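J.: Please find upload_3.txt (compact mmCIF, C-alpha atoms) on the next line:
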```txt
# COMPACT_ATOMS: atom_id res chain seq x y z
CA MET A 1042 66.06 191.98 50.75
CA ARG A 1043 65.59 188.46 49.57
CA LYS A 1044 62.58 187.34 47.70
CA ARG A 1045 61.14 184.12 48.99
CA THR A 1046 59.41 181.70 46.73
CA ALA A 1047 56.80 179.25 47.80
CA LEU A 1048 56.76 175.69 46.70
CA GLU A 1049 53.38 174.16 46.11
CA TRP A 1050 52.79 170.44 45.73
CA ARG A 1051 49.82 168.99 43.95
CA PHE A 1052 48.94 165.33 43.81
CA ALA A 1053 46.58 163.71 41.37
CA GLU A 1054 45.40 160.15 41.26
CA ASP A 1055 44.75 160.04 37.51
CA PRO A 1056 45.30 162.18 34.38
CA ASP A 1057 41.75 163.60 34.49
CA GLU A 1058 42.24 164.93 38.01
CA TRP A 1059 45.61 166.42 37.03
CA GLU A 1060 43.96 168.21 34.11
CA ARG A 1061 41.29 169.59 36.45
CA LEU A 1062 43.86 170.77 39.05
CA THR A 1063 46.39 172.38 36.68
CA GLY A 1064 44.20 173.38 33.78
CA LEU A 1065 46.72 171.76 31.43
CA PRO A 1066 45.63 169.02 29.09
CA THR A 1067 47.04 165.61 29.97
CA SER A 1068 48.58 165.27 26.51
CA VAL A 1069 50.92 168.18 27.31
CA THR A 1070 52.29 166.61 30.48
CA ARG A 1071 52.22 163.02 29.24
CA HIS A 1072 54.81 162.08 26.63
CA SER A 1073 54.70 158.32 26.72
CA LEU A 1074 53.25 156.00 24.11
CA PRO A 1075 50.55 153.54 25.06
CA ARG A 1076 52.04 150.41 26.62
CA ARG A 1077 50.70 148.13 23.90
CA ILE A 1078 52.62 150.02 21.23
CA VAL A 1079 55.82 149.95 23.30
CA TRP A 1080 55.55 146.22 23.99
CA ALA A 1081 54.67 145.49 20.35
CA GLY A 1082 57.72 147.48 19.22
CA LEU A 1083 59.97 145.66 21.67
CA LEU A 1084 58.59 142.31 20.57
CA ALA A 1085 59.14 143.20 16.90
CA LEU A 1086 62.71 144.27 17.67
CA LEU A 1087 63.36 141.03 19.55
CA VAL A 1088 62.01 138.94 16.66
CA LEU A 1089 64.13 140.91 14.18
CA LEU A 1090 67.30 140.53 16.25
CA SER A 1091 66.78 136.81 16.85
CA GLY A 1092 66.02 136.22 13.18
CA THR A 1093 69.19 138.07 12.21
CA GLY A 1094 71.21 136.10 14.75
CA VAL A 1095 69.89 132.78 13.48
CA TRP A 1096 70.63 133.78 9.88
CA LEU A 1097 74.21 134.80 10.78
CA TRP A 1098 74.76 131.55 12.69
CA GLN A 1099 73.45 129.44 9.81
CA THR A 1100 75.60 131.34 7.31
CA ALA A 1101 78.70 130.84 9.46
CA GLN A 1102 77.94 127.12 9.88
CA ALA A 1103 77.46 126.71 6.12
CA GLY A 1104 80.80 128.44 5.50
CA LEU A 1105 82.52 126.27 8.11
CA ALA A 1106 81.04 123.11 6.58
CA THR A 1107 82.35 124.18 3.16
CA ILE A 1108 85.82 124.80 4.57
CA GLU A 1109 85.81 121.44 6.37
CA THR A 1110 84.84 119.69 3.13
CA GLU A 1111 87.56 121.49 1.16
CA VAL A 1112 90.27 120.75 3.74
CA ASP A 1113 89.13 117.11 3.97
CA ALA A 1114 89.40 116.79 0.18
CA ALA A 1115 92.87 118.39 0.14
CA ALA A 1116 94.17 116.14 2.96
CA ASN A 1117 92.77 113.00 1.34
CA ALA A 1118 94.26 114.01 -2.03
CA ASP A 1119 97.67 114.29 -0.34
CA LEU A 1120 97.22 110.91 1.37
CA TRP A 1121 96.05 109.27 -1.84
CA ALA A 1122 99.22 110.46 -3.57
CA GLU A 1123 101.32 109.06 -0.70
CA ARG A 1124 99.56 105.78 0.18
CA GLN A 1125 96.55 105.30 -2.14
CA ALA A 1126 94.16 105.45 0.82
CA THR A 1127 91.67 107.84 2.34
CA ALA A 1128 91.67 108.92 5.97
CA GLY A 1129 89.44 110.45 8.58
CA VAL A 1130 90.18 114.17 8.79
CA GLN A 1131 89.08 116.32 11.71
CA LEU A 1132 89.45 120.10 11.77
CA VAL A 1133 91.20 121.11 15.02
CA ASN A 1134 91.72 124.84 14.51
CA LEU A 1135 90.88 127.36 11.82
CA GLU A 1136 92.39 130.80 12.06
CA GLY A 1137 93.25 133.36 9.41
CA GLY A 1138 93.22 131.05 6.41
CA VAL A 1139 95.28 128.37 8.19
CA ALA A 1140 93.66 125.05 9.14
CA VAL A 1141 95.16 122.57 11.59
CA VAL A 1142 93.76 119.07 11.05
CA GLU A 1143 94.14 115.65 12.64
CA VAL A 1144 94.54 112.89 10.06
CA ALA A 1145 93.86 109.27 11.09
CA LEU A 1146 94.50 106.46 8.64
CA PRO A 1147 93.98 102.84 9.75
CA ALA A 1148 96.57 100.19 8.92
CA SER A 1149 95.92 98.40 5.64
CA ALA A 1150 97.68 96.30 3.00
CA GLY A 1151 100.78 95.79 5.11
CA LEU A 1152 101.21 99.50 5.82
CA PRO A 1153 101.12 100.76 9.41
CA GLY A 1154 98.39 103.11 10.56
CA LEU A 1155 98.97 106.83 10.44
CA ARG A 1156 97.99 109.57 12.83
CA GLN A 1157 99.29 113.06 12.13
CA THR A 1158 98.58 116.70 12.73
CA ARG A 1159 98.86 118.59 9.46
CA VAL A 1160 98.63 122.26 8.55
CA TYR A 1161 96.91 123.58 5.44
CA ARG A 1162 96.90 127.16 4.16
CA GLN A 1163 94.19 128.58 1.92
CA THR A 1164 95.57 129.83 -1.39
CA GLY A 1165 94.02 130.97 -4.64
CA ASP A 1166 94.24 127.36 -5.87
CA GLY A 1167 92.58 125.87 -2.80
CA TRP A 1168 94.00 124.40 0.40
CA ARG A 1169 97.68 123.48 0.25
CA ARG A 1170 99.73 121.64 2.88
CA THR A 1171 102.33 123.89 4.50
CA PRO A 1172 104.94 123.39 7.17
CA PRO A 1173 103.66 124.35 10.62
CA SER A 1174 104.81 127.63 12.08
CA ALA A 1175 105.88 127.83 15.70
CA ALA A 1176 103.08 130.33 16.43
CA LEU A 1177 100.47 127.60 15.83
CA TRP A 1178 101.82 125.51 18.71
CA GLY A 1179 101.43 128.10 21.45
CA GLU A 1180 103.90 130.03 23.56
CA VAL A 1181 107.30 128.66 24.45
CA ARG A 1182 107.38 127.00 27.86
CA ARG A 1183 110.40 125.96 29.86
CA LEU A 1184 111.05 123.04 32.17
CA GLU A 1185 114.33 123.08 34.09
CA THR A 1186 115.92 120.28 36.08
CA ASN A 1187 119.37 120.10 37.69
CA HIS A 1188 120.91 118.77 34.49
CA PHE A 1189 118.57 119.72 31.62
CA VAL A 1190 116.58 122.65 30.31
CA PHE A 1191 113.60 121.80 28.08
CA ASP A 1192 112.03 124.49 25.90
CA TYR A 1193 108.79 123.26 24.41
CA ARG A 1194 105.46 124.38 23.03
CA GLN A 1195 102.10 122.97 23.99
CA LEU A 1196 98.71 123.30 22.35
```
Here is a file; write its structure as structure tokens.

T.:
Amino acid sequence: MRKRTALEWRFAEDPDEWERLTGLPTSVTRHSLPRRIVWAGLLALLVLLSGTGVWLWQTAQAGLATIETEVDAAANADLWAERQATAGVQLVNLEGGVAVVEVALPASAGLPGLRQTRVYRQTGDGWRRTPPSAALWGEVRRLETNHFVFDYRQL
């Protein structure tokens, strides 16, 4: 013989009515915090996260500005040794202690203008010019015609 169980539904419109129907205090069945406390906590968390994000962004920008200044000084020191002139230096790529920069020097004193892409590596002594590695210029691409095969790299 099977024992049958009955299912009874009770509906209450508010916590006081629920307490009257079940005999259980509302605090036993209700586990949530007041909404004001939840919203205040969420707001505080949002303010904390945005403040941390802003601080991290500003720190990264300050570090990048320092690196740009150091690479600019190293590139201009190299140019001064070569041509006794200073140039505009723009950081193109910075990855793993290797900086790729565009150097633009206007023509002056009978010397032609100069526009180059140079590579600098960070060492213990500062930024030093190094020969570019093939990995900096992207993957090898191939162009084939009936008579020629061109292997090249493209940024």

J.: For CA of Thr1158 (chain A) and CA of Glu1185 (chain A), quote the distance in Å rounded to one decimal.

T.: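 CA of Glu1185 (chain A) lies at a distance of 27.3 Å from CA of Thr1158 (chain A).
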
J.: Go through A:Leu1135, A:Val1130, A:Val1141, A:Ile1078 one by one, measure the shortest atom-to-atom distance of each to Arg1156 (chain A) using all atoms listed in the file, and give the residue with the smallest value.

T.: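 For Arg1156 (chain A), the nearest of the candidates is A:Val1130.
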
J.: One decimal, Å: what's the distance from CA of Gln1131 (chain A) over to CA of Val1144 (chain A), could you say?

T.: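 CA of Gln1131 (chain A) sits 6.7 Å away from CA of Val1144 (chain A).
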
J.: With 8 Å on each side, where is the centre of the axis-aligned box around all listed atoms of region 1117-1121 of chain A, and how long are its edges in Å to one decimal, as AutoDock Vina command-line options?

T.:
```
--center_x 95.2 --center_y 111.8 --center_z -0.3 --size_x 20.9 --size_y 21.0 --size_z 19.4
```

J.: Do you know which residues are at most 10 Å from Gln1163 (chain A) counting all atoms listed in the file, after dropping those on the same chain fewer than 6 positions away, and could you put them as a PDB file with C-alpha atoms, in the frame of the given file?

T.:
```pdb
ATOM      1  CA  ILE A1108      85.820 124.800   4.570  1.00  0.00           C
ATOM      2  CA  GLU A1111      87.560 121.490   1.160  1.00  0.00           C
ATOM      3  CA  VAL A1112      90.270 120.750   3.740  1.00  0.00           C
ATOM      4  CA  GLY A1137      93.250 133.360   9.410  1.00  0.00           C
ATOM      5  CA  GLY A1138      93.220 131.050   6.410  1.00  0.00           C
ATOM      6  CA  VAL A1139      95.280 128.370   8.190  1.00  0.00           C
ATOM      7  CA  ALA A1140      93.660 125.050   9.140  1.00  0.00           C
ATOM      8  CA  ARG A1169      97.680 123.480   0.250  1.00  0.00           C
ATOM      9  CA  ARG A1170      99.730 121.640   2.880  1.00  0.00           C
ATOM     10  CA  THR A1171     102.330 123.890   4.500  1.00  0.00           C
TER      11      THR A1171
END
```

J.: For CA of Trp1096 (chain A) and CA of Gly1167 (chain A), determine how far apart the two atoms are, in Å to one decimal place.

T.: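 One can read the CA of Trp1096 (chain A) to CA of Gly1167 (chain A) distance as 26.6 Å.
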
J.: I'd like the contact shell of Leu1152 (chain A) - 12 Å cut-off, all atoms listed in the file, skipping same-chain residues fewer than 3 positions apart - returned as a count of residues only.

T.: 9

J.: Within 7 Å of (111.6, 128.3, 22.6) in the file's own coordinates, which protein, DNA or RNA residues have an atom, counting all atoms listed in the file? List them as a list in words.

T.: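 Those residues lying close to the given coordinates are Val1181, Arg1182, Asp1192 and Tyr1193 of chain A.
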
J.: For the residues selected in the previous step, produce a file with C-alpha atoms as an mmCIF file, in the coordinates of the input.

T.:
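To be explicit, this is the file written out as part_19.cif:
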```cif
data_model
loop_
_atom_site.group_PDB
_atom_site.id
_atom_site.type_symbol
_atom_site.label_atom_id
_atom_site.label_comp_id
_atom_site.auth_asym_id
_atom_site.auth_seq_id
_atom_site.Cartn_x
_atom_site.Cartn_y
_atom_site.Cartn_z
ATOM 1 C CA VAL A 1181 107.300 128.660 24.450
ATOM 2 C CA ARG A 1182 107.380 127.000 27.860
ATOM 3 C CA ASP A 1192 112.030 124.490 25.900
ATOM 4 C CA TYR A 1193 108.790 123.260 24.410
#
```
